[in-house]
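I have placed the structure first, in the form of structure tokens, so that the comments after it can refer back to it.
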Amino acid sequence: MNLILTHEQADFDALASLFGASILDERTVPVLPRRINRNVRSFITLYGVDFSFVDPRDLPQGKVQSVTLVDTQSLITLKGMGPKTTVRVVDHHPLRSGLPDDWQVTIEEIGATTTMLVEVMQVQNERLSSIQATLLLLGIYEDTGSLTYSRTTPRDARAAAWLLENGASLKIAVDFLNPPLSANQRKLYEELLENTHNHQINGHRIAIACGDASQVDEEISTLAHKLRDLLDPDALFVVVYTQDGVRIVARSTSDAIDVSKIMAEFGGGGHDRAAAALIRSESPSSPSGVGHKDVRGEAEKPQENGSSLPVLQEACTKLLELLPKHVEPSSTVAQIMSRGPQLLDPQTPVKEVAQMMQRSGFEGYPVVDDGKVVGLLTRRAVDRAMAHKLNLTANSLMDAGEVMVHPGDSLQQLQSRMTDSGWGQVPVVNDEGVVVGIVTRTDLLKMLAPPDERNGARNLTARLERALPSPRLDLIKCVAAQAAERQIAVYIVGGFVRDLLLERPSVDFDMVVEGDAITLAKALAKKYGGRITSHTRFGTAKWYVRESEFGSQEAAADSQVSIPEFLDLISARTEFYEHPTALPTVERGSIKLDLHRRDFTINTLALRLDGNHYGELHDYWGGLADIERGVVRVLHSLSFVDDPTRLLRAVRYEQRYGFEIESRTRQLMDEARPMLEKLSAERVRHELDRMLDEPNWYEMIARLEELGLLKAIHVALTPPSPDFSPPTDERLASYPLPGMLPPDRTLAWLLWLSPAESATIKTLSRRLRFPAALSRLLLAASLLRADLQALADSSPSGWVDRLEDVPELAVYAVSLSAKGKAKSALNDYLEKWRQVKPRTTGHDLKQLGLPPGPNYQNILRTLRNAWLDGEIGSVNEEVGLLEQLLSQIRL
């Protein structure tokens with residue numbers, strides 16, 4: 001093993017250096033120290049999934065060949081190290097004396113060790129995600145005081161600039177940084193910390209810290225930042241007694257708390273996130289013998305010493321009275337939690353839990369004993385137990401603890417519980433302690449992310465109403481109104497929302513109901529008429545709209561049909577697969593879980609319709625960002641294994657929209673490619689049919705070949721020949737099609753596969769189970785292609801004799817790729833020769849006394865061929881030729 005280590009009580013420069021060194025040498029393993037600063041631990045709790053840090057307890061057994069020490073020159077001994085373990089040091093601290101001579105030491109006088117590693121990344125043009133760049137920026141900022149410390153160098157600034165150019169988030173960085181304190185500030189800071197009290201106001205946690213700053217000359221704002229970073233409240237008010245009076249420094253981390261308005265009540269001001277006020281003293285001292293309330297609102301005895309106390313208490317009392325007026329209600333856990341979570345009994349076997357996780361894709365389940373949360377069982381623990389074939393129960397494997405939040409708790413409280421416990425899934429309990437939901441790290445991160453205004457506002461009402469014709473828009477609004485009356489959330493989901501954002505709107509849409517879709521369908525039928533059919537097991541209903549008032553109104557208006565024949569209403573659900581390539585098993589779920597069962601992030605968007613939510617865009621899985629970036633990204637790592645048809649769909653979306661399949665998705669596609677061989681013929685052909693319905697189907701099939709997906713379906717499948725010219729006329733519609741085959745799709749199949757030999761066509765027909773009519777067309781076209789060279793110098797009649805039994809669509813398809821004389825002959829056949837007939841008919845032959853029989857066909861064919869080959873050119877010449885033929889027969 002090759003390890004990267006850093007110092008204990010790691011700060012951000014240490015953590016960022018671990019990551020940076022691992023990026024530059026992918027053979028190494030970045031090992032977390034056992035003790036990590038609290039703000040760094042918070043960062044890892046939230047964003048650790050984006051990095052490859054390894055807990056020392058998870059290191060495999062084996063020899064350690066090398067150790068890279070970053071941001072330290074102290075080596076911690078781990079199992080596997082020995083005399084032959086090589087050590088390299090990368091650090092920015094002064095060189096320590098006594099280091100072993102065989103260590104390779106690189107020390108530079110620079111603000112942060114991270115800078116040294118970032119400079120190498122610049123040279124190598126490393127690509128970073130936004131959160132990776134942010135960690136590196138934190139490493140530089142923490143050790144340079146955000147580039148303000150005296151030891152900061154221009155190199156640090158240039159490295160920070162490069163990280164910002166590569167997506168580092170200053171907002172996240174600021175949330176995790178801690179400024180330094182002087183000796184006097186440290187003393188006051190400790191006093192403030194001891195005298196800090198928290199208040200819950202309109203769902204927000206407000207911290208008020210009081211202290212005596214009469215002996216402190218430095219600014220108070222640094223202490224406010226320090227306290228805010230440590231306590232992480234929604235708002236902080238530092239109230240201190242100074243030589244000038246009572247000073248209040250206010251900081252807010254929530255849009256719901258505008259501290260400038262609160263400070264204005266004290267004659268101060270500032271910004272919504274940072275403000276201050278000074279309440280000047282009327283006299284050098286104030287009586288201290290007056291009773292007062294402390295900042296918790298409790299009666300407290302007056303103190304004999306310290307004239308500052310009553311003045312401080314007056315300010316705090318007024319502040320507490322003002323806060324409810326200015327603090328707006330907060331975002332709460334209830335807004336982001338998933339309701340009705342699956343719970344585990346402590347005695348649930350690990351094999352059963354593993355099956356549940358495979359079905360749902362969930363990363364953890366609360367363990368509940370007698371209605372009380374007793375722990376959390378994570379996928380990591382289950383996977384380890386299964387790998388070691390341990391027959392244990394949830395009780396033995398869970399992370400024990402009573403970690404929970406309430407629906408009314410703020411997001412900051414939730415973040416604190418996650419950080420303190422390390423749990424990525426936290427149960428939500430009501431006042432009686434009953435588990436009513438679960439909230440995940442992903443839920444929290446999406447809410448904490450800055451507002452995203454890509455593609456316009458989050459409400460798409462204007463786009464929706466521009467996209468749909470009036471009858472369909474009226475239909476949507478009526479469904480929305482009925483849902484609102486019953487307090488049911490209803491959404492348009494999937495491709496319609498995707499195409500609406502891409503300015504390629506369609507008029508067809510799917511509707512998902514977060515609740516009972518059958519109940520809503522019955523309400524619609526009762527109010528507007530029309531019958532319904534339903535499927536209770538799946539919670540789906542079909543409302544036949546054209547049998548309702550909407551159909552009658554449209555018929556009365558004699559308008560072109562623009563409402564659907566029926567409307568499917570589907571209860572939100574989740575699904576799982578019993579085995580790869582199987583059809584999914586479904587269960588009821590929330591809209592969030594319903595969207596998570598879909599194939600790609602770009603299809604996980606939902607447009608809510610009911611009540612005041614009309615037009616709201618819901619994006620739980622990053623679909624909006626991927627649409628803007630132009631990438632096709634799969635939702636989870638087993639998606640292609642669950643449903644290999646998604647391999648083909650990924651290509652269709654990529655080529656349709658001019659997007660690019662994201663690199664991780666490409667990797668998963670490569671791994672799942674063999675699964676295509678196991679797919680049923682009907683499912684494969686359905687996806688290929690949908691590709692061939694697209695205008696650029698040729699590019700889609702060529703891309704399948706490039707990704708190795710055609711051969712995975714069947715080794716005989718090859719990409720279409722680039723030699724054919726796309727049809728430019730309207731003749732396709734004039735050719736009869738057997739078996740109700742779609743004309744454009746059928747032509748695409750012919751253009752693609754007819755160049756193959758007839759034996760290959762038969763093989764592919766069996767693999768893909770083509771309809772009999774399509775198989776006959778493909779065989780006819782294939783055989784015709786094989787004969788083109790022999791027919792090249794044939795007379796017109798020779799061509800017609802060969803083509804008259806070939807379906808016209810097959811001839812047309814072959815003509816599009818034929819060359820020279822063959823192409824001209826095929827076009828002449830389609831445009832002229834197939835219409836040529838002699839004037840003489842079978843009836844005429846009968847009138848002439850010729851007995852019925854094979855001679856009829858021979859005579860008529862000879863007459864037609866004579867016309868085709870220019871041997872006759874008039875009716876009289878035909879009559880003359882006919883007499884010759886009849887005389888020959890009568891001899």
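Identifiers in the structure tokens: chain A, B, ... in order shown; residue index from 1 per chain; ligand index from 1 in order shown.
Residues of region 40-98 of chain A carrying a DSSP assignment of strand (DSSP E), computed from the backbone, are Ser66, Val67, Thr68, Leu69, Val70, Thr86, Val87, Arg88, Val89, Val90 and Asp91 of chain A.
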Inset, instruction - Just the residues within 8 Å of Ala315 (chain A), please, counting only C-alpha atoms, with nothing from its chain fewer than 4 positions along; format it as an NGL selection string. - result: :A and (239 or 246 or 311 or 319)
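Going from CA of Gln243 (chain A) to CA of Arg280 (chain A) covers 9.0 Å.
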Legend entry - Nearby residues (only C-alpha atoms) at most 10 Å from Val333 (chain A), same-chain spacing under 2 positions excluded, as a list in words: Ser330, Ser331, Gln335, Ile336, Met337, Ser338, Val405, His406, Pro407, Gly408, Asp409, Ser410, Leu411, Gln412, Gln413, Leu414, Val428, Gly437, Ile438, Val439, Asp443 and Leu444 of chain A
Would you save the residues of that selection, restricted to N, CA and C atoms, as a PDB file, in the first residue's frame?
```pdb
ATOM      1  N   SER A 330     -39.182  29.763   9.268  1.00  0.00           N
ATOM      2  CA  SER A 330     -38.042  29.134   8.585  1.00  0.00           C
ATOM      3  C   SER A 330     -38.469  27.922   7.775  1.00  0.00           C
ATOM      4  N   SER A 331     -37.533  27.465   6.943  1.00  0.00           N
ATOM      5  CA  SER A 331     -37.677  26.150   6.326  1.00  0.00           C
ATOM      6  C   SER A 331     -37.486  25.109   7.417  1.00  0.00           C
ATOM      7  N   GLN A 335     -40.560  20.124   5.447  1.00  0.00           N
ATOM      8  CA  GLN A 335     -40.591  20.496   4.041  1.00  0.00           C
ATOM      9  C   GLN A 335     -39.720  19.594   3.176  1.00  0.00           C
ATOM     10  N   ILE A 336     -38.750  18.925   3.747  1.00  0.00           N
ATOM     11  CA  ILE A 336     -37.831  18.143   2.918  1.00  0.00           C
ATOM     12  C   ILE A 336     -37.838  16.660   3.243  1.00  0.00           C
ATOM     13  N   MET A 337     -38.529  16.252   4.298  1.00  0.00           N
ATOM     14  CA  MET A 337     -38.476  14.845   4.685  1.00  0.00           C
ATOM     15  C   MET A 337     -39.332  13.999   3.741  1.00  0.00           C
ATOM     16  N   SER A 338     -39.006  12.705   3.672  1.00  0.00           N
ATOM     17  CA  SER A 338     -39.822  11.717   2.976  1.00  0.00           C
ATOM     18  C   SER A 338     -40.699  11.040   4.018  1.00  0.00           C
ATOM     19  N   VAL A 405     -35.007  13.962  14.701  1.00  0.00           N
ATOM     20  CA  VAL A 405     -35.440  15.355  14.651  1.00  0.00           C
ATOM     21  C   VAL A 405     -36.959  15.365  14.583  1.00  0.00           C
ATOM     22  N   HIS A 406     -37.524  16.566  14.751  1.00  0.00           N
ATOM     23  CA  HIS A 406     -38.971  16.730  14.684  1.00  0.00           C
ATOM     24  C   HIS A 406     -39.342  17.489  13.410  1.00  0.00           C
ATOM     25  N   PRO A 407     -40.556  17.335  12.920  1.00  0.00           N
ATOM     26  CA  PRO A 407     -40.953  18.025  11.684  1.00  0.00           C
ATOM     27  C   PRO A 407     -40.759  19.534  11.744  1.00  0.00           C
ATOM     28  N   GLY A 408     -40.921  20.118  12.913  1.00  0.00           N
ATOM     29  CA  GLY A 408     -40.798  21.571  13.021  1.00  0.00           C
ATOM     30  C   GLY A 408     -39.377  22.070  13.240  1.00  0.00           C
ATOM     31  N   ASP A 409     -38.408  21.176  13.352  1.00  0.00           N
ATOM     32  CA  ASP A 409     -37.024  21.603  13.562  1.00  0.00           C
ATOM     33  C   ASP A 409     -36.488  22.305  12.323  1.00  0.00           C
ATOM     34  N   SER A 410     -35.577  23.230  12.535  1.00  0.00           N
ATOM     35  CA  SER A 410     -34.977  23.969  11.425  1.00  0.00           C
ATOM     36  C   SER A 410     -33.939  23.110  10.725  1.00  0.00           C
ATOM     37  N   LEU A 411     -33.547  23.532   9.534  1.00  0.00           N
ATOM     38  CA  LEU A 411     -32.518  22.816   8.803  1.00  0.00           C
ATOM     39  C   LEU A 411     -31.175  22.909   9.510  1.00  0.00           C
ATOM     40  N   GLN A 412     -30.963  24.004  10.218  1.00  0.00           N
ATOM     41  CA  GLN A 412     -29.715  24.139  10.956  1.00  0.00           C
ATOM     42  C   GLN A 412     -29.652  23.114  12.095  1.00  0.00           C
ATOM     43  N   GLN A 413     -30.792  22.882  12.757  1.00  0.00           N
ATOM     44  CA  GLN A 413     -30.817  21.846  13.788  1.00  0.00           C
ATOM     45  C   GLN A 413     -30.553  20.470  13.184  1.00  0.00           C
ATOM     46  N   LEU A 414     -31.141  20.239  12.035  1.00  0.00           N
ATOM     47  CA  LEU A 414     -30.906  18.971  11.347  1.00  0.00           C
ATOM     48  C   LEU A 414     -29.434  18.805  11.001  1.00  0.00           C
ATOM     49  N   VAL A 428     -37.464  11.146  11.527  1.00  0.00           N
ATOM     50  CA  VAL A 428     -38.271  12.291  11.956  1.00  0.00           C
ATOM     51  C   VAL A 428     -39.421  11.746  12.788  1.00  0.00           C
ATOM     52  N   GLY A 437     -41.272  10.053   9.333  1.00  0.00           N
ATOM     53  CA  GLY A 437     -40.544  10.363   8.104  1.00  0.00           C
ATOM     54  C   GLY A 437     -39.065  10.127   8.294  1.00  0.00           C
ATOM     55  N   ILE A 438     -38.336  10.380   7.223  1.00  0.00           N
ATOM     56  CA  ILE A 438     -36.880  10.301   7.270  1.00  0.00           C
ATOM     57  C   ILE A 438     -36.319  11.397   6.379  1.00  0.00           C
ATOM     58  N   VAL A 439     -35.191  11.951   6.775  1.00  0.00           N
ATOM     59  CA  VAL A 439     -34.558  13.018   6.001  1.00  0.00           C
ATOM     60  C   VAL A 439     -33.098  12.640   5.806  1.00  0.00           C
ATOM     61  N   ASP A 443     -31.152  15.376   0.927  1.00  0.00           N
ATOM     62  CA  ASP A 443     -32.243  16.340   1.102  1.00  0.00           C
ATOM     63  C   ASP A 443     -31.714  17.660   1.647  1.00  0.00           C
ATOM     64  N   LEU A 444     -30.856  17.563   2.654  1.00  0.00           N
ATOM     65  CA  LEU A 444     -30.331  18.765   3.289  1.00  0.00           C
ATOM     66  C   LEU A 444     -29.438  19.544   2.329  1.00  0.00           C
TER      67      LEU A 444
END
```
Legend entry - Exercise: region 210-213 of chain A partners within 12 Å, only C-alpha atoms, chain neighbours under 4 positions left out, as a count of residues only: 51
Inset, instruction - Output as an MDAnalysis selection string all residues of region 180-223 of chain A that backbone DSSP marks as helix (DSSP H, G or I). - result: chainID A and resid 183:194 221:223
Pull N, CA and C atoms from the residues just selected and write them as a short mmCIF file (atom, residue, chain, number, x, y, z; two decimals), in the first residue's frame.
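again.cif, written as the output of this step:
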```cif
data_model
loop_
_atom_site.label_atom_id
_atom_site.label_comp_id
_atom_site.auth_asym_id
_atom_site.auth_seq_id
_atom_site.Cartn_x
_atom_site.Cartn_y
_atom_site.Cartn_z
N ALA A 183 -5.27 37.81 22.15
CA ALA A 183 -5.39 37.34 23.53
C ALA A 183 -6.61 37.95 24.21
N ASN A 184 -6.81 39.27 24.05
CA ASN A 184 -7.99 39.91 24.66
C ASN A 184 -9.28 39.40 24.04
N GLN A 185 -9.25 39.22 22.73
CA GLN A 185 -10.45 38.70 22.07
C GLN A 185 -10.75 37.29 22.56
N ARG A 186 -9.71 36.50 22.74
CA ARG A 186 -9.93 35.14 23.22
C ARG A 186 -10.59 35.14 24.58
N LYS A 187 -10.16 36.03 25.47
CA LYS A 187 -10.76 36.10 26.81
C LYS A 187 -12.23 36.50 26.72
N LEU A 188 -12.52 37.51 25.91
CA LEU A 188 -13.91 37.93 25.74
C LEU A 188 -14.72 36.84 25.05
N TYR A 189 -14.10 36.18 24.10
CA TYR A 189 -14.79 35.10 23.38
C TYR A 189 -15.25 34.02 24.35
N GLU A 190 -14.39 33.66 25.28
CA GLU A 190 -14.76 32.63 26.25
C GLU A 190 -15.89 33.09 27.15
N GLU A 191 -15.86 34.39 27.50
CA GLU A 191 -16.95 34.93 28.33
C GLU A 191 -18.26 34.91 27.54
N LEU A 192 -18.19 35.33 26.29
CA LEU A 192 -19.40 35.33 25.46
C LEU A 192 -19.94 33.91 25.28
N LEU A 193 -19.05 32.99 25.07
CA LEU A 193 -19.47 31.61 24.87
C LEU A 193 -20.17 31.07 26.11
N GLU A 194 -19.65 31.44 27.28
CA GLU A 194 -20.25 30.98 28.52
C GLU A 194 -21.62 31.62 28.75
N SER A 221 -16.58 42.28 15.65
CA SER A 221 -17.11 41.50 14.54
C SER A 221 -16.38 40.17 14.36
N THR A 222 -15.08 40.17 14.66
CA THR A 222 -14.33 38.92 14.53
C THR A 222 -14.87 37.87 15.49
N LEU A 223 -15.23 38.31 16.69
CA LEU A 223 -15.80 37.38 17.67
C LEU A 223 -17.16 36.88 17.21
#
```
Inset, instruction - Find the spatial neighbours of Glu654 (chain A), counting only C-alpha atoms, within a cut-off of 12 Å - ignore same-chain residues fewer than 4 positions away - and output them as a list of chain:residue names. - result: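 The neighbour list is A:Phe600, A:Ile602, A:Asp626, A:Ile627, A:Gly630, A:Val631, A:Val632, A:Arg633, A:Arg646, A:Leu647, A:Leu648, A:Arg649, A:Ala650, A:Gly658, A:Phe659, A:Glu660, A:Ile661, A:Glu662, A:Thr665, A:Arg666, A:Met691, A:Asn696, A:Trp697, A:Glu699, A:Met700, A:Ile701, A:Arg703, A:Leu704.
Distance annotation: of A:Asp805, A:Glu514, A:Asp619, A:Asp431, the residue with the minimal separation from Arg486 (chain A) is A:Glu514; atom set is only C-alpha atoms.
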